[in-house]
Amino acid sequence: MTGLAIALPVAGLVSTLVAAPSTVEHLTWQLAVVGIGLALLVPVVPFALEMLALRRLTTAAFGTLMSVEPAIAVVIGLVVLHQVPHPLAVVGVACVVAAGIGAERYGARELPPASTGA
């Protein structure tokens with residue numbers, strides 16, 4: 001959580017410096033309030049929930065859930081936003097999910113041999 005608390009404000013400041021020259025003339029107080037609310041809700045809540053889940057789930061369960069996250073996003077886009085994905089996009093998501101599951105299941109590193117300290 002400490003890393004998240006440091007990284008998000010830094011990312012916000014950097015992106016503000018990049019985007020400010022082209023957007024500051026269109027900024028209103030209402031838009032600023034909505035933007036601040038979204039800036040807090042969109043990255044902070046999901047990342048905080050993921051960190052809490054990571055503490056409670058096994059690494060295999062968490063890795064599998066993270067692997068299917070793109071597929072869940074496509075389904076939510078289809079159901080909630082009525083966004084019909086292009087067939088190539090579905091194939092791409094399937095490849096990403098398969099790679100994520102494969103890496104999580106079979107990509108474990110071998111532990112180095114224990115030193116005997118002799």
# chains A, B, ... in the order shown; residues from 1 in each chain; ligands from 1
>>> residues_around(residues="Pro9 (chain A)", least_positions_apart="6", cutoff="12 Å", atoms="only C-alpha atoms", output="PyMOL selection string")
chain A and resi 2-3+15-16+36+39-40+43-44
>>> write_last_selection(atoms="N, CA, C and O atoms", output="PDB file, in the first residue's frame")
ATOM      1  N   THR A   2       2.040   1.180   0.624  1.00  0.00           N
ATOM      2  CA  THR A   2       2.916   2.346   0.658  1.00  0.00           C
ATOM      3  C   THR A   2       3.400   2.689  -0.740  1.00  0.00           C
ATOM      4  O   THR A   2       3.426   3.868  -1.122  1.00  0.00           O
ATOM      5  N   GLY A   3       3.778   1.666  -1.501  1.00  0.00           N
ATOM      6  CA  GLY A   3       4.214   1.903  -2.876  1.00  0.00           C
ATOM      7  C   GLY A   3       3.119   2.531  -3.712  1.00  0.00           C
ATOM      8  O   GLY A   3       3.366   3.421  -4.532  1.00  0.00           O
ATOM      9  N   SER A  15       1.481  12.972 -15.456  1.00  0.00           N
ATOM     10  CA  SER A  15       0.474  13.032 -16.519  1.00  0.00           C
ATOM     11  C   SER A  15      -0.184  14.404 -16.595  1.00  0.00           C
ATOM     12  O   SER A  15      -0.559  14.856 -17.672  1.00  0.00           O
ATOM     13  N   THR A  16      -0.297  15.090 -15.467  1.00  0.00           N
ATOM     14  CA  THR A  16      -0.833  16.450 -15.487  1.00  0.00           C
ATOM     15  C   THR A  16       0.107  17.385 -16.231  1.00  0.00           C
ATOM     16  O   THR A  16      -0.342  18.223 -17.021  1.00  0.00           O
ATOM     17  N   ILE A  36     -11.142  14.689 -10.257  1.00  0.00           N
ATOM     18  CA  ILE A  36     -10.506  14.299  -8.992  1.00  0.00           C
ATOM     19  C   ILE A  36     -11.184  13.059  -8.417  1.00  0.00           C
ATOM     20  O   ILE A  36     -10.521  12.138  -7.936  1.00  0.00           O
ATOM     21  N   ALA A  39     -10.094  10.193 -10.480  1.00  0.00           N
ATOM     22  CA  ALA A  39      -8.677   9.920 -10.222  1.00  0.00           C
ATOM     23  C   ALA A  39      -8.500   9.112  -8.941  1.00  0.00           C
ATOM     24  O   ALA A  39      -7.576   8.306  -8.832  1.00  0.00           O
ATOM     25  N   LEU A  40      -9.384   9.312  -7.979  1.00  0.00           N
ATOM     26  CA  LEU A  40      -9.318   8.536  -6.745  1.00  0.00           C
ATOM     27  C   LEU A  40      -9.961   7.163  -6.900  1.00  0.00           C
ATOM     28  O   LEU A  40      -9.429   6.162  -6.438  1.00  0.00           O
ATOM     29  N   PRO A  43      -8.049   4.261 -10.107  1.00  0.00           N
ATOM     30  CA  PRO A  43      -6.873   3.439  -9.809  1.00  0.00           C
ATOM     31  C   PRO A  43      -6.791   2.965  -8.360  1.00  0.00           C
ATOM     32  O   PRO A  43      -6.372   1.843  -8.100  1.00  0.00           O
ATOM     33  N   VAL A  44      -7.197   3.786  -7.421  1.00  0.00           N
ATOM     34  CA  VAL A  44      -6.955   3.478  -6.014  1.00  0.00           C
ATOM     35  C   VAL A  44      -7.809   2.313  -5.534  1.00  0.00           C
ATOM     36  O   VAL A  44      -7.287   1.375  -4.913  1.00  0.00           O
TER      37      VAL A  44
END
>>> atom_distance(atom1="CA of Leu65 (chain A)", atom2="CA of Pro46 (chain A)")
13.5 Å
>>> closest_residue(among="A:Leu31, A:Val74, A:Met66, A:Cys95", to="Met51 (chain A)", atoms="only C-alpha atoms")
A:Met66
>>> atom_distance(atom1="CA of Pro70 (chain A)", atom2="CA of Gln83 (chain A)")
14.3 Å
>>> select_by_dssp(residues="region 13-115 of chain A", states="helix (DSSP H, G or I)", output="ChimeraX atom specification")
/A:13-26,29-56,59-67,69-80,87-106
>>> closest_residue(among="A:Leu27, A:Val84, A:Ala103, A:Val79", to="Thr64 (chain A)", atoms="only C-alpha atoms")
A:Ala103
>>> atom_distance(atom1="CA of Ala48 (chain A)", atom2="CA of Val68 (chain A)")
18.7 Å
